[in-house]
$ cat upload03.txt   # compact mmCIF, C-alpha atoms
# COMPACT_ATOMS: atom_id res chain seq x y z
CA MET Z 1 0.00 0.00 0.00
CA PRO Z 2 1.84 3.12 -1.19
CA ASN Z 3 0.09 5.45 1.26
CA ALA Z 4 0.36 3.24 4.32
CA PRO Z 5 1.60 5.30 7.33
CA GLU Z 6 4.91 3.44 7.44
CA LYS Z 7 5.66 4.59 3.89
CA ARG Z 8 4.74 8.22 4.40
CA VAL Z 9 7.66 10.43 5.29
CA ASP Z 10 8.67 14.05 5.74
CA LEU Z 11 12.06 14.95 4.27
CA VAL Z 12 14.57 17.64 5.25
CA PHE Z 13 17.52 18.35 2.93
CA GLU Z 14 20.72 20.04 4.09
CA GLY Z 15 22.31 22.80 2.02
CA GLY Z 16 25.57 22.22 0.18
CA GLY Z 17 25.79 23.86 -3.24
CA VAL Z 18 26.88 21.47 -5.99
CA LYS Z 19 26.98 18.66 -3.43
CA GLY Z 20 23.19 18.65 -3.70
CA ILE Z 21 23.41 15.91 -6.32
CA ALA Z 22 24.26 13.53 -3.43
CA LEU Z 23 20.88 14.40 -1.89
CA VAL Z 24 19.21 13.36 -5.14
CA GLY Z 25 21.02 10.03 -4.99
CA ALA Z 26 19.62 9.33 -1.52
CA LEU Z 27 16.17 10.47 -2.65
CA SER Z 28 16.24 8.00 -5.54
CA VAL Z 29 16.57 5.09 -3.10
CA LEU Z 30 13.69 6.36 -0.97
CA GLU Z 31 11.55 6.56 -4.10
CA GLU Z 32 12.50 3.02 -5.12
CA ARG Z 33 11.56 1.73 -1.66
CA GLY Z 34 8.10 3.25 -1.96
CA TYR Z 35 8.40 6.17 0.48
CA GLN Z 36 5.83 8.91 -0.16
CA PRO Z 37 7.07 12.42 0.80
CA GLN Z 38 4.33 14.44 2.51
CA ASN Z 39 6.12 17.62 3.66
CA VAL Z 40 9.61 18.59 2.54
CA ALA Z 41 12.01 21.32 3.53
CA GLY Z 42 15.57 22.37 2.88
CA THR Z 43 18.22 25.04 2.86
CA SER Z 44 20.12 26.35 -0.16
CA ALA Z 45 20.75 23.39 -2.51
CA GLY Z 46 18.55 21.33 -0.23
CA ALA Z 47 15.76 23.85 -0.78
CA LEU Z 48 16.13 23.44 -4.54
CA VAL Z 49 15.83 19.67 -4.26
CA ALA Z 50 12.79 20.02 -2.00
CA LEU Z 51 11.06 22.44 -4.36
CA LEU Z 52 11.74 20.40 -7.50
CA LEU Z 53 10.44 17.30 -5.71
CA THR Z 54 7.17 18.96 -4.76
CA ALA Z 55 6.87 20.45 -8.25
CA GLY Z 56 6.77 16.93 -9.64
CA TYR Z 57 10.37 16.14 -10.63
CA PRO Z 58 11.32 12.54 -9.77
CA ALA Z 59 14.86 11.82 -8.60
CA ALA Z 60 15.84 10.28 -11.94
CA GLU Z 61 14.95 13.47 -13.78
CA MET Z 62 16.78 15.63 -11.24
CA ARG Z 63 19.82 13.40 -11.66
CA ASP Z 64 19.84 13.92 -15.43
CA LEU Z 65 19.42 17.68 -15.01
CA LEU Z 66 22.33 17.94 -12.59
CA LEU Z 67 24.65 15.69 -14.59
CA ARG Z 68 24.15 17.87 -17.66
CA LEU Z 69 23.98 21.26 -15.98
CA ASP Z 70 26.69 23.83 -16.67
CA PHE Z 71 27.08 25.20 -13.16
CA GLY Z 72 29.39 27.87 -14.52
CA ARG Z 73 26.37 29.68 -15.93
CA PHE Z 74 25.64 30.86 -12.38
CA ARG Z 75 28.82 32.97 -12.32
CA ASP Z 76 26.95 35.97 -13.67
CA ARG Z 77 28.66 39.33 -13.08
CA ASP Z 78 27.62 42.91 -13.66
CA TRP Z 79 29.92 45.52 -15.21
CA LYS Z 80 31.85 45.99 -11.95
CA GLY Z 81 32.57 42.32 -11.62
CA ARG Z 82 34.00 42.16 -15.13
CA ILE Z 83 36.72 44.71 -14.44
CA PRO Z 84 40.09 42.90 -14.67
CA ILE Z 85 41.97 42.14 -11.44
CA ILE Z 86 39.78 44.16 -9.06
CA GLY Z 87 36.32 43.21 -10.32
CA ALA Z 88 35.53 40.58 -7.68
CA ALA Z 89 36.73 42.74 -4.80
CA LEU Z 90 34.80 45.73 -6.14
CA SER Z 91 31.60 43.69 -6.31
CA LEU Z 92 32.13 42.53 -2.76
CA LEU Z 93 32.60 46.07 -1.51
CA LYS Z 94 29.73 47.62 -3.45
CA ASP Z 95 27.15 44.82 -3.62
CA GLN Z 96 28.21 42.37 -0.86
CA GLY Z 97 28.58 39.59 -3.42
CA VAL Z 98 30.69 38.62 -6.43
CA TYR Z 99 27.91 37.15 -8.58
CA GLU Z 100 24.47 38.53 -9.39
CA GLY Z 101 22.40 35.41 -8.74
CA GLU Z 102 19.99 36.34 -11.55
CA ALA Z 103 21.08 33.38 -13.68
CA LEU Z 104 20.27 31.03 -10.80
CA LEU Z 105 16.89 32.67 -10.25
CA GLU Z 106 15.93 32.39 -13.92
CA TYR Z 107 17.08 28.78 -14.15
CA VAL Z 108 14.96 27.72 -11.16
CA ARG Z 109 12.05 29.81 -12.40
CA GLY Z 110 12.15 27.97 -15.72
CA LEU Z 111 12.26 24.51 -14.13
CA LEU Z 112 9.29 25.29 -11.92
CA ALA Z 113 7.29 26.88 -14.75
CA ALA Z 114 7.73 23.69 -16.78
CA ARG Z 115 5.69 21.93 -14.06
CA GLY Z 116 3.13 24.70 -13.73
CA VAL Z 117 4.53 26.07 -10.48
CA ARG Z 118 5.00 29.80 -9.89
CA THR Z 119 3.79 30.66 -6.39
CA PHE Z 120 3.48 28.68 -3.17
CA GLY Z 121 -0.24 28.52 -3.78
CA ASP Z 122 0.64 25.95 -6.43
CA LEU Z 123 2.29 23.84 -3.71
CA ALA Z 124 -0.52 24.06 -1.16
CA HIS Z 125 -1.95 21.06 0.70
CA PRO Z 126 -5.70 21.13 0.00
CA ALA Z 127 -6.42 19.34 3.29
CA SER Z 128 -4.22 21.63 5.44
CA ALA Z 129 -5.55 25.08 4.56
CA GLY Z 130 -6.04 26.04 8.20
CA HIS Z 131 -2.68 24.79 9.47
CA PRO Z 132 0.20 27.20 8.69
CA ARG Z 133 2.87 24.64 9.59
CA TYR Z 134 1.63 22.21 6.94
CA ARG Z 135 -0.28 24.55 4.62
CA HIS Z 136 2.43 24.27 1.93
CA ARG Z 137 4.12 21.02 0.97
CA ALA Z 138 7.54 22.68 0.77
CA GLN Z 139 9.31 25.04 3.18
CA VAL Z 140 12.69 26.68 2.63
CA ILE Z 141 15.07 28.34 5.06
CA ALA Z 142 16.53 31.81 4.55
CA SER Z 143 18.31 34.33 6.77
CA ASP Z 144 17.02 37.90 7.18
CA LEU Z 145 20.07 39.99 8.05
CA THR Z 146 18.00 43.14 8.51
CA ALA Z 147 15.80 41.65 11.22
CA ARG Z 148 18.50 39.17 12.34
CA ARG Z 149 15.97 36.40 12.03
CA LEU Z 150 15.57 32.93 10.59
CA LEU Z 151 12.89 32.81 7.90
CA VAL Z 152 10.86 29.70 7.08
CA LEU Z 153 9.28 30.50 3.72
CA PRO Z 154 6.51 30.83 2.84
CA ARG Z 155 5.35 30.39 6.46
CA ASP Z 156 7.14 33.60 7.52
CA ALA Z 157 6.33 35.63 4.41
CA GLY Z 158 4.39 38.09 6.55
CA ARG Z 159 7.59 38.99 8.42
CA ILE Z 160 8.95 40.59 5.25
CA GLY Z 161 5.72 42.29 4.25
CA VAL Z 162 3.99 39.62 2.12
CA GLU Z 163 0.44 39.30 3.43
CA ASP Z 164 -0.59 36.35 1.25
CA ALA Z 165 1.90 33.49 1.58
CA ASP Z 166 0.20 31.70 -1.32
CA ALA Z 167 1.23 34.57 -3.62
CA PHE Z 168 4.93 34.40 -2.72
CA GLU Z 169 7.09 33.33 -5.68
CA VAL Z 170 8.69 29.92 -5.20
CA ALA Z 171 11.77 30.64 -7.33
CA LEU Z 172 12.49 33.82 -5.38
CA ALA Z 173 12.36 31.91 -2.11
CA ALA Z 174 14.83 29.41 -3.59
CA ARG Z 175 17.15 32.25 -4.64
CA MET Z 176 16.99 33.72 -1.13
CA SER Z 177 17.80 30.40 0.47
CA ALA Z 178 20.71 29.73 -1.91
CA GLY Z 179 22.31 33.16 -1.56
CA LEU Z 180 25.72 32.06 -0.27
CA PRO Z 181 27.10 35.19 1.45
CA PHE Z 182 29.82 37.05 -0.42
CA TYR Z 183 29.47 34.60 -3.32
CA PHE Z 184 26.02 35.74 -4.49
CA LYS Z 185 24.64 39.18 -3.86
CA PRO Z 186 22.02 39.19 -1.11
CA VAL Z 187 18.39 39.53 -2.14
CA ARG Z 188 17.10 43.01 -1.31
CA PHE Z 189 13.40 42.74 -0.58
CA GLU Z 190 11.26 45.83 -0.08
CA ASN Z 191 8.78 45.74 2.80
CA PRO Z 192 6.38 48.63 2.17
CA ALA Z 193 4.36 47.88 5.31
CA ALA Z 194 7.40 48.36 7.55
CA GLY Z 195 9.04 50.95 5.32
CA ARG Z 196 12.36 49.15 5.14
CA GLU Z 197 14.44 46.86 2.97
CA HIS Z 198 15.25 43.31 4.04
CA LEU Z 199 18.67 41.91 3.18
CA ILE Z 200 18.20 38.17 2.77
CA VAL Z 201 20.93 35.54 2.35
CA ASP Z 202 21.58 31.80 2.54
CA GLY Z 203 19.48 30.05 5.17
CA GLY Z 204 22.53 28.06 6.22
CA ILE Z 205 23.80 31.05 8.16
CA LEU Z 206 21.19 30.23 10.82
CA SER Z 207 20.15 26.66 10.05
CA ASN Z 208 21.75 24.61 7.30
CA PHE Z 209 20.06 21.41 8.43
CA PRO Z 210 16.55 22.23 9.78
CA VAL Z 211 15.65 18.66 10.70
CA TRP Z 212 13.42 20.04 13.48
CA ILE Z 213 11.06 21.89 11.15
CA PHE Z 214 8.14 19.44 11.09
CA ASP Z 215 8.42 18.24 14.68
CA SER Z 216 5.42 18.52 16.97
CA PRO Z 217 4.63 17.21 20.48
CA GLY Z 218 3.63 13.60 20.88
CA VAL Z 219 4.12 10.57 18.69
CA PRO Z 220 4.44 11.38 14.97
CA ARG Z 221 2.17 9.68 12.46
CA TRP Z 222 5.13 9.07 10.16
CA PRO Z 223 8.88 9.72 10.36
CA THR Z 224 10.99 12.67 9.32
CA PHE Z 225 14.22 11.74 7.56
CA GLY Z 226 17.04 14.24 7.50
CA LEU Z 227 19.53 14.05 4.63
CA THR Z 228 22.83 15.62 5.62
CA LEU Z 229 26.13 16.09 3.79
CA VAL Z 230 29.18 14.93 5.71
CA GLU Z 231 32.63 16.50 5.31
CA PRO Z 232 35.07 13.55 5.14
CA GLU Z 233 37.95 15.43 6.76
CA PRO Z 234 36.52 17.97 9.24
CA ARG Z 235 39.91 18.59 10.83
CA ARG Z 236 41.42 19.96 7.64
CA PRO Z 237 42.26 23.65 8.00
CA VAL Z 238 40.23 26.17 5.99
CA SER Z 239 43.34 27.17 4.04
CA GLU Z 240 43.74 23.61 2.75
CA ARG Z 241 40.10 23.38 1.69
CA ILE Z 242 40.37 26.47 -0.49
CA GLY Z 243 43.01 25.24 -2.89
CA GLY Z 244 44.57 27.38 -5.59
CA PHE Z 245 46.96 29.35 -3.40
CA GLY Z 246 49.49 29.32 -6.20
CA ARG Z 247 52.59 31.50 -6.05
CA TYR Z 248 51.33 33.74 -8.82
CA LYS Z 249 47.73 34.04 -7.76
CA ARG Z 250 46.66 37.65 -7.27
CA ARG Z 251 46.18 38.78 -3.68
CA VAL Z 252 42.68 40.05 -4.44
CA GLU Z 253 41.61 36.62 -5.70
CA VAL Z 254 43.13 34.92 -2.67
CA ALA Z 255 41.21 37.23 -0.34
CA VAL Z 256 37.92 36.54 -2.13
CA ASP Z 257 38.54 32.78 -2.05
CA TYR Z 258 39.41 32.92 1.64
CA VAL Z 259 36.20 34.73 2.55
CA ARG Z 260 34.21 32.24 0.48
CA ALA Z 261 35.85 29.26 2.16
CA LEU Z 262 35.26 30.67 5.63
CA VAL Z 263 31.55 30.95 4.88
CA GLU Z 264 31.40 27.45 3.36
CA THR Z 265 33.11 25.92 6.39
CA MET Z 266 30.80 27.75 8.78
CA LEU Z 267 27.74 26.45 6.92
CA GLU Z 268 29.09 22.89 7.10
CA ALA Z 269 29.61 22.98 10.86
CA ARG Z 270 26.77 25.21 12.10
CA ASP Z 271 24.00 22.72 12.90
CA ARG Z 272 26.07 19.60 13.54
CA LEU Z 273 27.24 20.99 16.87
CA TYR Z 274 23.67 20.88 18.15
CA ILE Z 275 22.13 17.77 16.59
CA GLU Z 276 20.74 15.63 19.37
CA THR Z 277 20.89 11.85 19.54
CA ALA Z 278 17.27 11.47 18.41
CA ASP Z 279 18.02 13.50 15.29
CA PHE Z 280 21.06 11.40 14.45
CA ALA Z 281 18.83 8.32 14.61
CA ARG Z 282 16.68 9.63 11.75
CA THR Z 283 19.46 11.20 9.67
CA ILE Z 284 21.02 9.82 6.49
CA PRO Z 285 24.67 11.00 6.53
CA ILE Z 286 26.04 11.29 3.00
CA PRO Z 287 29.81 11.54 2.36
CA THR Z 288 30.68 14.45 0.08
CA LEU Z 289 33.96 12.99 -1.20
CA GLY Z 290 35.86 16.22 -0.53
CA VAL Z 291 33.74 18.26 -2.94
CA ARG Z 292 33.29 21.92 -1.98
CA THR Z 293 30.04 23.85 -2.05
CA THR Z 294 31.20 26.08 -4.91
CA ASP Z 295 33.04 23.52 -7.06
CA LEU Z 296 31.08 24.67 -10.10
CA ASP Z 297 33.52 23.03 -12.53
CA LEU Z 298 32.89 19.56 -11.14
CA SER Z 299 33.44 16.84 -13.75
CA PRO Z 300 30.61 14.49 -14.80
CA GLU Z 301 32.48 11.62 -13.15
CA ARG Z 302 32.65 13.40 -9.79
CA ARG Z 303 28.99 14.35 -10.02
CA LEU Z 304 28.06 10.74 -10.64
CA ALA Z 305 30.26 9.65 -7.72
CA LEU Z 306 28.37 12.06 -5.44
CA TYR Z 307 25.06 10.70 -6.66
CA GLU Z 308 26.18 7.13 -5.94
CA ALA Z 309 27.44 8.19 -2.49
CA GLY Z 310 23.93 9.38 -1.74
CA ARG Z 311 22.41 6.11 -2.91
CA THR Z 312 24.81 4.04 -0.82
CA ALA Z 313 24.17 6.15 2.28
CA ALA Z 314 20.39 5.79 1.95
CA GLU Z 315 20.61 2.03 1.41
CA GLU Z 316 22.75 1.60 4.52
CA PHE Z 317 20.41 3.77 6.58
CA LEU Z 318 17.28 1.86 5.54
CA GLU Z 319 18.88 -1.48 6.41
CA SER Z 320 18.60 -0.64 10.11
CA TRP Z 321 15.72 1.87 10.16
CA ASP Z 322 12.73 0.85 12.28
CA PHE Z 323 10.07 3.50 12.88
CA GLU Z 324 8.44 1.71 15.80
CA ALA Z 325 11.80 1.26 17.50
CA TYR Z 326 12.58 4.94 16.93
CA ILE Z 327 9.28 5.97 18.56
CA ALA Z 328 9.83 3.65 21.51
CA GLU Z 329 13.34 4.93 22.11
CA PHE Z 330 13.08 8.63 21.37
CA ARG Z 331 9.44 9.75 21.42
CA ARG Z 332 8.11 8.18 24.63
CA GLU Z 333 8.94 11.14 26.88
CA LYS Z 334 12.53 10.09 27.25
CA ARG Z 335 15.16 12.80 27.27
CA TYR Z 336 18.32 12.36 25.23
CA SER Z 337 21.16 14.79 24.84
CA ARG Z 338 24.13 14.23 22.60
CA ARG Z 339 26.20 16.45 24.88
CA ASP Z 340 25.27 14.33 27.89
CA ALA Z 341 26.09 11.16 25.97
CA VAL Z 342 29.53 12.44 24.99
CA ALA Z 343 30.23 13.57 28.54
CA GLY Z 344 29.22 10.14 29.81
CA GLN Z 345 31.55 8.42 27.36
CA MET Z 346 34.43 10.66 28.45
CA CYS Z 347 33.80 9.84 32.11
CA GLN Z 348 33.70 6.15 31.30
CA MET Z 349 37.07 6.40 29.55
CA ILE Z 350 38.52 8.17 32.60
CA ARG Z 351 37.15 5.49 34.91
CA GLN Z 352 38.95 2.83 32.92
CA THR Z 353 42.31 4.56 33.35
CA ARG Z 354 42.02 5.39 37.05
CA GLN Z 355 42.12 3.28 40.20
CA PRO Z 356 38.75 2.25 41.66
CA PRO Z 357 37.38 4.08 44.72
CA GLY Z 358 39.24 3.49 47.97
CA GLY Z 359 42.65 3.06 46.34
CA PRO Z 360 45.94 2.66 48.20
CA ASP Z 361 45.83 6.26 49.38
CA GLY Z 362 42.22 5.98 50.53
CA SER Z 363 41.05 8.72 48.16
CA ILE Z 364 37.66 8.81 46.47
CA ASP Z 365 37.56 9.01 42.69
CA PRO Z 366 35.29 11.95 41.79
CA TYR Z 367 34.36 10.31 38.49
CA THR Z 368 32.89 7.23 40.15
CA ASP Z 369 31.41 8.87 43.23
CA GLY Z 370 28.13 9.98 41.68

$ encode --input "upload03.txt" --output "structure tokens"
Amino acid sequence: MPNAPEKRVDLVFEGGGVKGIALVGALSVLEERGYQPQNVAGTSAGALVALLLTAGYPAAEMRDLLLRLDFGRFRDRDWKGRIPIIGAALSLLKDQGVYEGEALLEYVRGLLAARGVRTFGDLAHPASAGHPRYRHRAQVIASDLTARRLLVLPRDAGRIGVEDADAFEVALAARMSAGLPFYFKPVRFENPAAGREHLIVDGGILSNFPVWIFDSPGVPRWPTFGLTLVEPEPRRPVSERIGGFGRYKRRVEVAVDYVRALVETMLEARDRLYIETADFARTIPIPTLGVRTTDLDLSPERRLALYEAGRTAAEEFLESWDFEAYIAEFRREKRYSRRDAVAGQMCQMIRQTRQPPGGPDGSIDPYTDG
């Protein structure tokens, strides 16, 4: 039964730029196993996957799009950015971003239009009209720098002056969510009601992995799966991740690359510090094979390898996934903290290397005395 509760699922996709093709690989396995996405959400590239999914694109079609896509088309510059040597730095200083982001907006707009989707009203749940949390089948995360606030769009459209969330343009929300700071120019959104302009950037600044977004008190009717992108070598310094620090590289280019890499690394690490044990239990961790968020010149072979990494990760996750066991362990009013678990493991390690209580000197071991 394709709509049986155990096959319904909410999906949350982490952001990650070109690494998003790995998310599509994991999604393809879920589709093959008969899972039926009900509500989906994501940040940046994860938002794009979520929106294409709800617009009617199956994983196989997304895969073909991403394998053929010329990501370089998204390096669109205005006249300032095309000035030799200083163009990138000038764009950063004047517009807070090197690239315009218009090419990305138009590309997403075209994909959605091909499926008859323009506004969030086209992605509305007919049965959830009175429930703002589930009114729209897709939610995307963005960061409002003006108000210093996380935005869940279209749910929070009113916070930036849009009274009718159904009328909010889907492609624009995707562009907001994917606005990697300093790489793309921020979206400037006029709020006539408040008489101010909102500066909106990548949702990953505040939540790159919003696995919490569909949670509610009590036992869920179906699970939420989080799909996250895992850096294979998190201890590598930022300077090593950047690459291209050749002897003859211009200082301006090095500075721009360094700022970009700092932002990318921050987005990778932001939410993982706070993911609790219960969230790890429902998360599909996908290795990113060392690919960076802005590796726009990624070869077809590397793209395919990312896709296969996503498939493998999903298959391994589903081998041990048990919804009833998850509910029994994590949703029956038990409290779990990853920080507490790590602290407990550290204490256990210390116990194993110290003498038991009442040693030769008669002292009490603080780690075993409660």

$ residues_around --input "upload03.txt" --residues "Asp202 (chain Z)" --least-positions-apart "4" --cutoff "12 Å" --atoms "all atoms listed in the file" --output "number ranges by chain"
Z: 14-17, 42-47, 101, 140-145, 149-152, 173-187, 206-208, 263-264, 266-267

$ atom_distance --input "upload03.txt" --atom1 "CA of Gly310 (chain Z)" --atom2 "CA of Leu23 (chain Z)"
5.9 Å

$ residues_around --input "upload03.txt" --residues "Glu231 (chain Z)" --least-positions-apart "4" --cutoff "9 Å" --atoms "only C-alpha atoms" --output "PDB file with C-alpha atoms, keeping the file's coordinate frame"
ATOM      1  CA  GLU Z 268      29.090  22.890   7.100  1.00  0.00           C
ATOM      2  CA  ILE Z 286      26.040  11.290   3.000  1.00  0.00           C
ATOM      3  CA  PRO Z 287      29.810  11.540   2.360  1.00  0.00           C
ATOM      4  CA  THR Z 288      30.680  14.450   0.080  1.00  0.00           C
ATOM      5  CA  LEU Z 289      33.960  12.990  -1.200  1.00  0.00           C
ATOM      6  CA  GLY Z 290      35.860  16.220  -0.530  1.00  0.00           C
ATOM      7  CA  VAL Z 291      33.740  18.260  -2.940  1.00  0.00           C
TER       8      VAL Z 291
END

$ closest_residue --input "upload03.txt" --among "Z:Val18, Z:Leu227, Z:Ala147, Z:Ala314" --to "Ile200 (chain Z)" --atoms "only C-alpha atoms"
Z:Ala147

$ atom_distance --input "upload03.txt" --atom1 "CA of Ala22 (chain Z)" --atom2 "CA of Ala309 (chain Z)"
6.3 Å

$ atom_distance --input "upload03.txt" --atom1 "CA of Gly110 (chain Z)" --atom2 "CA of His131 (chain Z)"
29.4 Å

$ closest_residue --input "upload03.txt" --among "Z:Leu51, Z:Ser299, Z:Lys7, Z:Lys19" --to "Asp322 (chain Z)" --atoms "all atoms listed in the file"
Z:Lys7

$ build_atoms --input "upload03.txt" --residues "region 84-106 of chain Z" --atoms "N, CA, C and O atoms" --output "PDB file, keeping the file's coordinate frame"
ATOM      1  N   PRO Z  84      38.943  43.780 -14.939  1.00  0.00           N
ATOM      2  CA  PRO Z  84      40.090  42.900 -14.670  1.00  0.00           C
ATOM      3  C   PRO Z  84      40.726  43.169 -13.305  1.00  0.00           C
ATOM      4  O   PRO Z  84      40.762  44.306 -12.842  1.00  0.00           O
ATOM      5  N   ILE Z  85      41.200  42.142 -12.696  1.00  0.00           N
ATOM      6  CA  ILE Z  85      41.970  42.140 -11.440  1.00  0.00           C
ATOM      7  C   ILE Z  85      41.118  42.512 -10.231  1.00  0.00           C
ATOM      8  O   ILE Z  85      41.050  41.772  -9.255  1.00  0.00           O
ATOM      9  N   ILE Z  86      40.462  43.676 -10.266  1.00  0.00           N
ATOM     10  CA  ILE Z  86      39.780  44.160  -9.060  1.00  0.00           C
ATOM     11  C   ILE Z  86      38.270  43.931  -9.091  1.00  0.00           C
ATOM     12  O   ILE Z  86      37.569  44.312  -8.146  1.00  0.00           O
ATOM     13  N   GLY Z  87      37.766  43.327 -10.164  1.00  0.00           N
ATOM     14  CA  GLY Z  87      36.320  43.210 -10.320  1.00  0.00           C
ATOM     15  C   GLY Z  87      35.633  42.495  -9.167  1.00  0.00           C
ATOM     16  O   GLY Z  87      34.616  42.967  -8.642  1.00  0.00           O
ATOM     17  N   ALA Z  88      36.170  41.348  -8.752  1.00  0.00           N
ATOM     18  CA  ALA Z  88      35.530  40.580  -7.680  1.00  0.00           C
ATOM     19  C   ALA Z  88      35.525  41.361  -6.372  1.00  0.00           C
ATOM     20  O   ALA Z  88      34.511  41.416  -5.664  1.00  0.00           O
ATOM     21  N   ALA Z  89      36.645  41.963  -6.041  1.00  0.00           N
ATOM     22  CA  ALA Z  89      36.730  42.740  -4.800  1.00  0.00           C
ATOM     23  C   ALA Z  89      35.789  43.933  -4.836  1.00  0.00           C
ATOM     24  O   ALA Z  89      35.155  44.275  -3.836  1.00  0.00           O
ATOM     25  N   LEU Z  90      35.687  44.577  -6.005  1.00  0.00           N
ATOM     26  CA  LEU Z  90      34.800  45.730  -6.140  1.00  0.00           C
ATOM     27  C   LEU Z  90      33.341  45.324  -5.940  1.00  0.00           C
ATOM     28  O   LEU Z  90      32.573  46.023  -5.277  1.00  0.00           O
ATOM     29  N   SER Z  91      32.960  44.178  -6.490  1.00  0.00           N
ATOM     30  CA  SER Z  91      31.600  43.690  -6.310  1.00  0.00           C
ATOM     31  C   SER Z  91      31.312  43.370  -4.846  1.00  0.00           C
ATOM     32  O   SER Z  91      30.213  43.629  -4.340  1.00  0.00           O
ATOM     33  N   LEU Z  92      32.305  42.814  -4.178  1.00  0.00           N
ATOM     34  CA  LEU Z  92      32.130  42.530  -2.760  1.00  0.00           C
ATOM     35  C   LEU Z  92      31.905  43.807  -1.960  1.00  0.00           C
ATOM     36  O   LEU Z  92      31.023  43.881  -1.098  1.00  0.00           O
ATOM     37  N   LEU Z  93      32.699  44.819  -2.256  1.00  0.00           N
ATOM     38  CA  LEU Z  93      32.600  46.070  -1.510  1.00  0.00           C
ATOM     39  C   LEU Z  93      31.303  46.817  -1.797  1.00  0.00           C
ATOM     40  O   LEU Z  93      30.665  47.345  -0.889  1.00  0.00           O
ATOM     41  N   LYS Z  94      30.890  46.829  -3.049  1.00  0.00           N
ATOM     42  CA  LYS Z  94      29.730  47.620  -3.450  1.00  0.00           C
ATOM     43  C   LYS Z  94      28.403  46.870  -3.272  1.00  0.00           C
ATOM     44  O   LYS Z  94      27.395  47.467  -2.904  1.00  0.00           O
ATOM     45  N   ASP Z  95      28.412  45.571  -3.574  1.00  0.00           N
ATOM     46  CA  ASP Z  95      27.150  44.820  -3.620  1.00  0.00           C
ATOM     47  C   ASP Z  95      27.096  43.651  -2.639  1.00  0.00           C
ATOM     48  O   ASP Z  95      26.122  42.900  -2.639  1.00  0.00           O
ATOM     49  N   GLN Z  96      28.144  43.463  -1.834  1.00  0.00           N
ATOM     50  CA  GLN Z  96      28.210  42.370  -0.860  1.00  0.00           C
ATOM     51  C   GLN Z  96      28.159  40.987  -1.502  1.00  0.00           C
ATOM     52  O   GLN Z  96      27.769  40.009  -0.861  1.00  0.00           O
ATOM     53  N   GLY Z  97      28.551  40.891  -2.766  1.00  0.00           N
ATOM     54  CA  GLY Z  97      28.580  39.590  -3.420  1.00  0.00           C
ATOM     55  C   GLY Z  97      29.277  39.684  -4.766  1.00  0.00           C
ATOM     56  O   GLY Z  97      29.190  40.718  -5.442  1.00  0.00           O
ATOM     57  N   VAL Z  98      29.953  38.611  -5.161  1.00  0.00           N
ATOM     58  CA  VAL Z  98      30.690  38.620  -6.430  1.00  0.00           C
ATOM     59  C   VAL Z  98      29.744  38.405  -7.600  1.00  0.00           C
ATOM     60  O   VAL Z  98      29.861  39.082  -8.629  1.00  0.00           O
ATOM     61  N   TYR Z  99      28.788  37.496  -7.456  1.00  0.00           N
ATOM     62  CA  TYR Z  99      27.910  37.150  -8.580  1.00  0.00           C
ATOM     63  C   TYR Z  99      26.490  37.651  -8.344  1.00  0.00           C
ATOM     64  O   TYR Z  99      26.025  37.773  -7.211  1.00  0.00           O
ATOM     65  N   GLU Z 100      25.795  37.911  -9.444  1.00  0.00           N
ATOM     66  CA  GLU Z 100      24.470  38.530  -9.390  1.00  0.00           C
ATOM     67  C   GLU Z 100      23.402  37.608  -8.808  1.00  0.00           C
ATOM     68  O   GLU Z 100      22.513  38.041  -8.086  1.00  0.00           O
ATOM     69  N   GLY Z 101      23.436  36.336  -9.184  1.00  0.00           N
ATOM     70  CA  GLY Z 101      22.400  35.410  -8.740  1.00  0.00           C
ATOM     71  C   GLY Z 101      21.170  35.417  -9.637  1.00  0.00           C
ATOM     72  O   GLY Z 101      20.243  34.630  -9.434  1.00  0.00           O
ATOM     73  N   GLU Z 102      21.149  36.281 -10.646  1.00  0.00           N
ATOM     74  CA  GLU Z 102      19.990  36.340 -11.550  1.00  0.00           C
ATOM     75  C   GLU Z 102      19.912  35.096 -12.431  1.00  0.00           C
ATOM     76  O   GLU Z 102      18.818  34.619 -12.744  1.00  0.00           O
ATOM     77  N   ALA Z 103      21.070  34.583 -12.848  1.00  0.00           N
ATOM     78  CA  ALA Z 103      21.080  33.380 -13.680  1.00  0.00           C
ATOM     79  C   ALA Z 103      20.493  32.193 -12.917  1.00  0.00           C
ATOM     80  O   ALA Z 103      19.751  31.377 -13.470  1.00  0.00           O
ATOM     81  N   LEU Z 104      20.827  32.087 -11.633  1.00  0.00           N
ATOM     82  CA  LEU Z 104      20.270  31.030 -10.800  1.00  0.00           C
ATOM     83  C   LEU Z 104      18.762  31.187 -10.657  1.00  0.00           C
ATOM     84  O   LEU Z 104      18.003  30.217 -10.787  1.00  0.00           O
ATOM     85  N   LEU Z 105      18.316  32.405 -10.403  1.00  0.00           N
ATOM     86  CA  LEU Z 105      16.890  32.670 -10.250  1.00  0.00           C
ATOM     87  C   LEU Z 105      16.113  32.282 -11.511  1.00  0.00           C
ATOM     88  O   LEU Z 105      15.081  31.611 -11.441  1.00  0.00           O
ATOM     89  N   GLU Z 106      16.629  32.682 -12.669  1.00  0.00           N
ATOM     90  CA  GLU Z 106      15.930  32.390 -13.920  1.00  0.00           C
ATOM     91  C   GLU Z 106      15.931  30.905 -14.240  1.00  0.00           C
ATOM     92  O   GLU Z 106      14.951  30.368 -14.783  1.00  0.00           O
TER      93      GLU Z 106
END
